[in-house]
Amino acid sequence: MGEKTYSMGGSFTMGRPKAQPDTAAECLRVGAAHHRAGRLGEAESLYRKALELEPASPDALHMLGVLALQANRPAVAADIIRKAILIKGDDGDYHLNLGIALGGLGKPDEALSCFETAARLAPGNPQAHYNLGLALAQTGRFGESVDRFRRVLKKDPKNPMVHMNLGLSLMQAGDRDKCLMHLRRAVDLAPGHLLPLTNYAQALFEMDDAAAAQPLFETALRAAPDHLPALLGLARCRMGKTGDGAQDDWIHGIWAAKDLVTKAVRLAPRDFDAITEYGRVMEQLGLFSEAEQAFRAARDLAPGDERGPLNLGTFFLRQGRIPEALEVLEATARDHGWTDKNRIKVAMALSNSGRFDKARDIAAALSSDDRHRMLRLAFTLMDKKAEVHEAELAFAESRLDDDSLPANERATLFCTLADYYDKRKVSGKAFDLIMRGHALRRQAEPYDPAAEVAFVERCEAYFTAERLRTASPDAVLDDQRPVFIVGMPRSGTTLVEQIIASHPRCHGAGEMVDMAIFRATTRALSGFANPFPDCLDDLDPAVIRGFGERYLTHASQGRPDAARITDKMPHNFLNLGLIARVFPKARVIHCRRDPMDTCLSILFQNFASAHGYANDLHTLGQAYNNYRRLMAHWRRVLPLPMLEVDYEEMVADQERRSRDLIDFLGLDWDDACLQFHKTDRAVQTASLWQVRQPIYTSSVERWRRYETELAPLKAILDTAEA
């Protein structure tokens, strides 16, 4: 929002000032002339003289208060203007400027009350309505702020700040088209003013148009290289979404974002937004300790702002540190009140710890608008034992063709309903819904099979048995704790980790993104000369070793005494060559499952992102074949011990295969491993409901219910096998 505007007030007539004004009225008139000319010292002397001549002069007190405001002394201003109001309480300008002072003191509710009084006393004063609009927006009453700004525009239609703040309020009120119209108008009216430009750019970014926002932030930085909002806005654009390491644009973007946020923090070391963005970039780079430190610092900088603890709690949630996430998020609710945003985060944390009924109860109190109604249904469906009301299902289905919903929300809705009908064996309807959901996602999540084939070919050429045996001793870590559980998603990796994590000497770290991020950044760390994995030849061994040490610190968090630490990120099958370079004494568990059951389960899973291959039967089959090809290569060359576990064997004979797992890890057997579904640990995975249940066999050959629909997929998989 833009800055508040002062009102000089008064009915002083302008003219040539006398040399020595000798009445209070004349002192005020001449003082006002000096004031408007910027001669603030002379103005203050005359206002004080007026007060000496007339000790109860409300105008003299008020003008001294305005001077204190302009000197950034809001506490002094508030005290002086309150004295003026005690003498003359019906002047709208007095209340207006008192509101500005109170706003500067961090008292938004009191400021809002003053602005409302000012607008009532001076309905024709646009400054009163403008400042009231700002205060209403600050307190979240965006519909009312829109009305106030529109009222100001009727009197001042070419004021860029009014257009800008009207646009920002419209965005929060949900009218995005008119929002952009007014923000664009603000930029046109003030082409050299950076605030409208950066707000317009930020609005475009928040509307998922980073391509349009980025050049605007770049324009702002060319005009002012140290402009903080533009630095942070450009960093957000460059950061984009977390890549999988195969996309050079992400590698360049995240590195550029790192430079931008580092500069921002150097320029403004106590700025909340700068430190928060720094934390986000550090998290994407896999520097989790630095990220946590930044999120904590931002929270401590603004103890009255709920965004700080919400960001910290959400970071813990992403890291799988559920007890810490709940502690922070529930404290935020106690300190700032329950908000929809906080309720959603708490419900997510409870779901990840298996407390589906409590998550559903928390979500039940979400707002009654359509979006939150859909979220309530999603949390209800997450608890497979919960009763789902027909009215809620009918409402959800009525929104499937609603183009006003963002594509990602509609896709999630399709997937949620597909899962519901699949569980009830309404197979035809379930398959139609899931494919319609994937059709919506294909445009937002493109997948390039040729790029994946090229990646596999580079790994086959670079990671030879000889090269893996002769890695630089300066780069590796002599640590036997890491255990990497790999395979395609939905192949049983979560089940295997849960069994191992039930052992008292083991710690399940969950799906860690560290290896994927490190692989993605190796090219940048080596100077961008070669793609991965060839860039490893250019990488300083100390960088590899440093990553390994950070990885172990992150993976063992909360369990430094664990003899084995599991990382169950399925797609680490892409990173096994890199893993062997960092941890030559690690163990690998490869989870396998019937290819058709695996692909069907992937198809029906509502993945958040980074699974673009799953949005089409053909690309899904190609991705599975790429996985099989790469795993065949690792079997030939990888020096790490590898145990292959078939899902079908695990569910048929749990104890025997569980004992094989523990024996492979070099540990003594513990019967707790047979009670894996009772293990109290957070699970951040698509299988979070299944691992709370005893082993069941109903997922074996599930694909046959969809045999006709899956014929194109089966043809691709059979061709590779032949």
# chains A, B, ... in the order shown; residues from 1 in each chain; ligands from 1
call {"tool": "residues_around", "arguments": {"residues": "range 73-82 of chain A", "least_positions_apart": "3", "cutoff": "10 Å", "atoms": "only C-alpha atoms", "output": "PyMOL selection string"}}
result
chain A and resi 58-70+85-89+94-95+97-106
call {"tool": "residues_around", "arguments": {"residues": "Val187 in chain A", "least_positions_apart": "6", "cutoff": "8 Å", "atoms": "only C-alpha atoms", "output": "NGL selection string"}}
result
:A and (160 or 193 or 196-197 or 200)
call {"tool": "atom_distance", "arguments": {"atom1": "CA of Ala524 in chain A", "atom2": "CA of Ile251 in chain A"}}
result
6.8 Å
call {"tool": "closest_residue", "arguments": {"among": "A:Leu366, A:Met181, A:Cys506, A:Ala56", "to": "Asp561 in chain A", "atoms": "only C-alpha atoms"}}
result
A:Cys506
call {"tool": "residues_around", "arguments": {"residues": "His252 in chain A", "least_positions_apart": "4", "cutoff": "9 Å", "atoms": "only C-alpha atoms", "output": "MDAnalysis selection string"}}
result
chainID A and resid 238:239 248 256:257 521 524 528
call {"tool": "atom_distance", "arguments": {"atom1": "CA of Asp147 in chain A", "atom2": "CA of Ser368 in chain A"}}
result
24.0 Å
call {"tool": "residues_around", "arguments": {"residues": "Lys49 in chain A", "least_positions_apart": "4", "cutoff": "12 Å", "atoms": "only C-alpha atoms", "output": "short mmCIF file (atom, residue, chain, number, x, y, z; two decimals) with C-alpha atoms, in the first residue's frame"}}
result
data_model
loop_
_atom_site.label_atom_id
_atom_site.label_comp_id
_atom_site.auth_asym_id
_atom_site.auth_seq_id
_atom_site.Cartn_x
_atom_site.Cartn_y
_atom_site.Cartn_z
CA GLN A 20 7.24 40.37 12.79
CA PRO A 21 3.73 38.86 13.14
CA ASP A 22 2.25 39.98 16.44
CA THR A 23 -0.99 37.98 16.81
CA ALA A 24 -1.62 34.26 17.09
CA ALA A 25 -3.66 34.27 13.86
CA GLU A 26 -0.87 36.11 12.00
CA CYS A 27 1.77 33.72 13.38
CA LEU A 28 -0.26 30.80 12.15
CA ARG A 29 -0.77 32.32 8.71
CA VAL A 30 2.91 33.20 8.24
CA GLY A 31 4.00 29.89 9.79
CA GLU A 42 10.77 29.01 10.72
CA ALA A 43 7.31 27.42 10.73
CA GLU A 44 7.87 25.74 14.08
CA SER A 45 9.11 28.98 15.68
CA LEU A 53 0.17 34.31 22.44
CA GLU A 54 -2.86 31.99 22.64
CA PRO A 55 -2.08 28.97 24.90
CA SER A 57 -4.92 27.58 20.22
CA ALA A 60 -1.14 25.90 16.71
CA LEU A 61 -1.11 22.58 18.54
CA LEU A 64 3.10 21.44 15.69
#
call {"tool": "select_by_dssp", "arguments": {"residues": "range 197-397 of chain A", "states": "helix (DSSP H, G or I)", "output": "mmCIF file with C-alpha atoms, in the first residue's frame"}}
result
data_model
loop_
_atom_site.group_PDB
_atom_site.id
_atom_site.type_symbol
_atom_site.label_atom_id
_atom_site.label_comp_id
_atom_site.auth_asym_id
_atom_site.auth_seq_id
_atom_site.Cartn_x
_atom_site.Cartn_y
_atom_site.Cartn_z
ATOM 1 C CA LEU A 197 5.854 -0.311 -11.167
ATOM 2 C CA THR A 198 6.968 -2.871 -8.576
ATOM 3 C CA ASN A 199 3.440 -3.330 -7.214
ATOM 4 C CA TYR A 200 2.168 -3.987 -10.738
ATOM 5 C CA ALA A 201 4.954 -6.484 -11.287
ATOM 6 C CA GLN A 202 4.268 -8.200 -7.961
ATOM 7 C CA ALA A 203 0.562 -8.504 -8.799
ATOM 8 C CA LEU A 204 1.434 -10.159 -12.108
ATOM 9 C CA PHE A 205 3.732 -12.570 -10.292
ATOM 10 C CA GLU A 206 1.070 -13.470 -7.745
ATOM 11 C CA ALA A 210 6.193 -14.420 -13.762
ATOM 12 C CA ALA A 211 7.149 -14.033 -17.425
ATOM 13 C CA ALA A 212 5.379 -10.646 -17.542
ATOM 14 C CA ALA A 213 6.522 -9.597 -14.066
ATOM 15 C CA GLN A 214 10.245 -10.259 -14.505
ATOM 16 C CA PRO A 215 11.020 -7.523 -17.099
ATOM 17 C CA LEU A 216 9.186 -4.959 -14.954
ATOM 18 C CA PHE A 217 11.339 -5.780 -11.932
ATOM 19 C CA GLU A 218 14.409 -5.595 -14.189
ATOM 20 C CA THR A 219 13.308 -2.148 -15.412
ATOM 21 C CA ALA A 220 12.990 -0.974 -11.804
ATOM 22 C CA LEU A 221 16.475 -2.250 -10.961
ATOM 23 C CA ARG A 222 18.023 -0.521 -13.947
ATOM 24 C CA ALA A 223 16.616 2.730 -12.578
ATOM 25 C CA LEU A 228 14.612 -3.561 -2.267
ATOM 26 C CA PRO A 229 11.104 -4.516 -3.538
ATOM 27 C CA ALA A 230 12.476 -4.965 -7.057
ATOM 28 C CA LEU A 231 15.386 -7.096 -5.816
ATOM 29 C CA LEU A 232 13.034 -9.378 -3.920
ATOM 30 C CA GLY A 233 10.458 -9.477 -6.708
ATOM 31 C CA LEU A 234 13.045 -10.417 -9.304
ATOM 32 C CA ALA A 235 14.415 -13.088 -6.958
ATOM 33 C CA ARG A 236 10.933 -14.641 -6.714
ATOM 34 C CA CYS A 237 10.620 -14.651 -10.495
ATOM 35 C CA ARG A 238 14.046 -16.190 -11.020
ATOM 36 C CA MET A 239 13.562 -18.788 -8.312
ATOM 37 C CA ASP A 248 19.193 -25.460 -16.913
ATOM 38 C CA ASP A 249 16.795 -22.537 -16.583
ATOM 39 C CA TRP A 250 16.070 -23.509 -12.981
ATOM 40 C CA ILE A 251 19.776 -23.860 -12.191
ATOM 41 C CA HIS A 252 20.561 -20.405 -13.559
ATOM 42 C CA GLY A 253 17.441 -18.946 -11.973
ATOM 43 C CA ILE A 254 18.059 -20.173 -8.450
ATOM 44 C CA TRP A 255 21.669 -19.030 -8.595
ATOM 45 C CA ALA A 256 20.578 -15.575 -9.733
ATOM 46 C CA ALA A 257 17.964 -15.508 -6.948
ATOM 47 C CA LYS A 258 20.682 -16.331 -4.417
ATOM 48 C CA ASP A 259 22.711 -13.303 -5.535
ATOM 49 C CA LEU A 260 19.653 -11.054 -5.405
ATOM 50 C CA VAL A 261 18.507 -12.025 -1.905
ATOM 51 C CA THR A 262 22.058 -11.916 -0.582
ATOM 52 C CA LYS A 263 22.304 -8.332 -1.814
ATOM 53 C CA ALA A 264 18.881 -7.528 -0.336
ATOM 54 C CA VAL A 265 19.888 -8.781 3.112
ATOM 55 C CA ARG A 266 23.149 -6.875 2.926
ATOM 56 C CA LEU A 267 21.236 -3.671 2.116
ATOM 57 C CA PHE A 272 11.322 -8.907 7.289
ATOM 58 C CA ASP A 273 10.665 -9.556 3.593
ATOM 59 C CA ALA A 274 14.355 -9.624 2.678
ATOM 60 C CA ILE A 275 15.216 -12.160 5.370
ATOM 61 C CA THR A 276 12.159 -14.282 4.534
ATOM 62 C CA GLU A 277 13.057 -14.460 0.825
ATOM 63 C CA TYR A 278 16.637 -15.282 1.776
ATOM 64 C CA GLY A 279 15.304 -18.233 3.783
ATOM 65 C CA ARG A 280 13.214 -19.466 0.864
ATOM 66 C CA VAL A 281 16.144 -19.393 -1.521
ATOM 67 C CA MET A 282 18.410 -21.148 0.966
ATOM 68 C CA GLU A 283 15.789 -23.854 1.383
ATOM 69 C CA GLN A 284 15.575 -24.434 -2.371
ATOM 70 C CA PHE A 288 18.369 -25.992 5.397
ATOM 71 C CA SER A 289 20.269 -24.792 8.452
ATOM 72 C CA GLU A 290 20.686 -21.351 6.872
ATOM 73 C CA ALA A 291 17.029 -21.363 5.842
ATOM 74 C CA GLU A 292 15.819 -22.180 9.352
ATOM 75 C CA GLN A 293 18.044 -19.471 10.814
ATOM 76 C CA ALA A 294 16.544 -16.936 8.390
ATOM 77 C CA PHE A 295 12.924 -17.913 9.119
ATOM 78 C CA ARG A 296 13.592 -17.691 12.863
ATOM 79 C CA ALA A 297 15.242 -14.277 12.447
ATOM 80 C CA ALA A 298 12.292 -12.959 10.426
ATOM 81 C CA ARG A 299 9.851 -14.170 13.067
ATOM 82 C CA ASP A 300 11.829 -12.508 15.856
ATOM 83 C CA LEU A 301 12.077 -9.235 13.914
ATOM 84 C CA ARG A 307 3.503 -14.268 8.839
ATOM 85 C CA GLY A 308 6.789 -14.899 10.651
ATOM 86 C CA PRO A 309 5.696 -17.887 12.752
ATOM 87 C CA LEU A 310 3.514 -19.158 9.899
ATOM 88 C CA ASN A 311 6.532 -19.213 7.584
ATOM 89 C CA LEU A 312 8.649 -20.963 10.216
ATOM 90 C CA GLY A 313 5.931 -23.518 10.949
ATOM 91 C CA THR A 314 5.440 -24.188 7.243
ATOM 92 C CA PHE A 315 9.189 -24.708 6.851
ATOM 93 C CA PHE A 316 9.105 -27.324 9.618
ATOM 94 C CA LEU A 317 6.116 -28.920 7.893
ATOM 95 C CA ARG A 318 7.991 -29.192 4.591
ATOM 96 C CA ILE A 322 5.875 -32.256 12.523
ATOM 97 C CA PRO A 323 6.098 -31.781 16.333
ATOM 98 C CA GLU A 324 7.995 -28.530 15.818
ATOM 99 C CA ALA A 325 5.566 -27.445 13.105
ATOM 100 C CA LEU A 326 2.567 -28.064 15.355
ATOM 101 C CA GLU A 327 4.197 -26.267 18.275
ATOM 102 C CA VAL A 328 4.842 -23.142 16.204
ATOM 103 C CA LEU A 329 1.533 -23.166 14.325
ATOM 104 C CA GLU A 330 -0.607 -23.766 17.410
ATOM 105 C CA ALA A 331 1.264 -21.010 19.269
ATOM 106 C CA THR A 332 0.559 -18.713 16.312
ATOM 107 C CA ALA A 333 -3.142 -19.483 16.627
ATOM 108 C CA ARG A 334 -3.066 -18.706 20.353
ATOM 109 C CA ASP A 335 -1.190 -15.442 19.826
ATOM 110 C CA HIS A 336 -2.910 -14.168 16.670
ATOM 111 C CA ASP A 340 -7.980 -20.090 7.628
ATOM 112 C CA LYS A 341 -4.337 -20.158 6.598
ATOM 113 C CA ASN A 342 -3.231 -21.419 9.998
ATOM 114 C CA ARG A 343 -6.043 -23.970 10.218
ATOM 115 C CA ILE A 344 -4.985 -25.460 6.883
ATOM 116 C CA LYS A 345 -1.355 -25.747 8.006
ATOM 117 C CA VAL A 346 -2.281 -27.339 11.337
ATOM 118 C CA ALA A 347 -4.612 -29.784 9.604
ATOM 119 C CA MET A 348 -1.829 -30.738 7.189
ATOM 120 C CA ALA A 349 0.582 -31.350 10.069
ATOM 121 C CA LEU A 350 -1.971 -33.487 11.906
ATOM 122 C CA SER A 351 -2.630 -35.510 8.757
ATOM 123 C CA ASN A 352 1.075 -36.109 8.260
ATOM 124 C CA PHE A 356 -6.816 -37.725 10.411
ATOM 125 C CA ASP A 357 -9.823 -37.263 12.687
ATOM 126 C CA LYS A 358 -8.242 -34.274 14.450
ATOM 127 C CA ALA A 359 -7.186 -32.805 11.112
ATOM 128 C CA ARG A 360 -10.766 -33.100 9.900
ATOM 129 C CA ASP A 361 -12.061 -31.381 13.065
ATOM 130 C CA ILE A 362 -9.635 -28.468 12.621
ATOM 131 C CA ALA A 363 -10.560 -28.094 8.938
ATOM 132 C CA ASP A 370 -16.527 -22.385 -1.880
ATOM 133 C CA ARG A 371 -12.738 -22.713 -1.823
ATOM 134 C CA HIS A 372 -12.612 -23.601 1.862
ATOM 135 C CA ARG A 373 -15.610 -25.865 1.484
ATOM 136 C CA MET A 374 -13.556 -27.857 -1.012
ATOM 137 C CA LEU A 375 -10.643 -28.019 1.417
ATOM 138 C CA ARG A 376 -12.911 -29.303 4.174
ATOM 139 C CA LEU A 377 -14.027 -32.063 1.835
ATOM 140 C CA ALA A 378 -10.410 -32.882 0.955
ATOM 141 C CA PHE A 379 -9.491 -33.344 4.625
ATOM 142 C CA THR A 380 -12.598 -35.471 5.135
ATOM 143 C CA LEU A 381 -11.693 -37.709 2.189
ATOM 144 C CA MET A 382 -8.147 -38.033 3.533
ATOM 145 C CA GLU A 390 -23.812 -36.755 -0.557
ATOM 146 C CA ALA A 391 -24.449 -33.008 -0.576
ATOM 147 C CA GLU A 392 -20.712 -32.342 -0.337
ATOM 148 C CA LEU A 393 -19.960 -34.749 -3.173
ATOM 149 C CA ALA A 394 -22.642 -33.135 -5.314
ATOM 150 C CA PHE A 395 -21.204 -29.707 -4.599
ATOM 151 C CA ALA A 396 -17.705 -30.874 -5.541
ATOM 152 C CA GLU A 397 -18.900 -32.393 -8.801
#
call {"tool": "residues_around", "arguments": {"residues": "Thr719 in chain A", "least_positions_apart": "5", "cutoff": "12 Å", "atoms": "only C-alpha atoms", "output": "list of chain:residue names"}}
result
A:Gly621, A:Gln622, A:Tyr624, A:Asn625, A:Pro712, A:Leu713, A:Lys714
call {"tool": "residues_around", "arguments": {"residues": "Asn606 in chain A", "least_positions_apart": "2", "cutoff": "12 Å", "atoms": "only C-alpha atoms", "output": "JSON, numbers by chain"}}
result
{"A": [378, 382, 408, 409, 410, 411, 412, 413, 414, 415, 416, 417, 418, 419, 434, 435, 437, 438, 441, 489, 490, 601, 602, 603, 604, 608, 609, 610, 611, 612, 614, 615, 685, 686, 687]}
call {"tool": "residues_around", "arguments": {"residues": "range 127-132 of chain A", "least_positions_apart": "6", "cutoff": "6 Å", "atoms": "only C-alpha atoms", "output": "PyMOL selection string"}}
result
chain A and resi 4+115+118-119+148-149
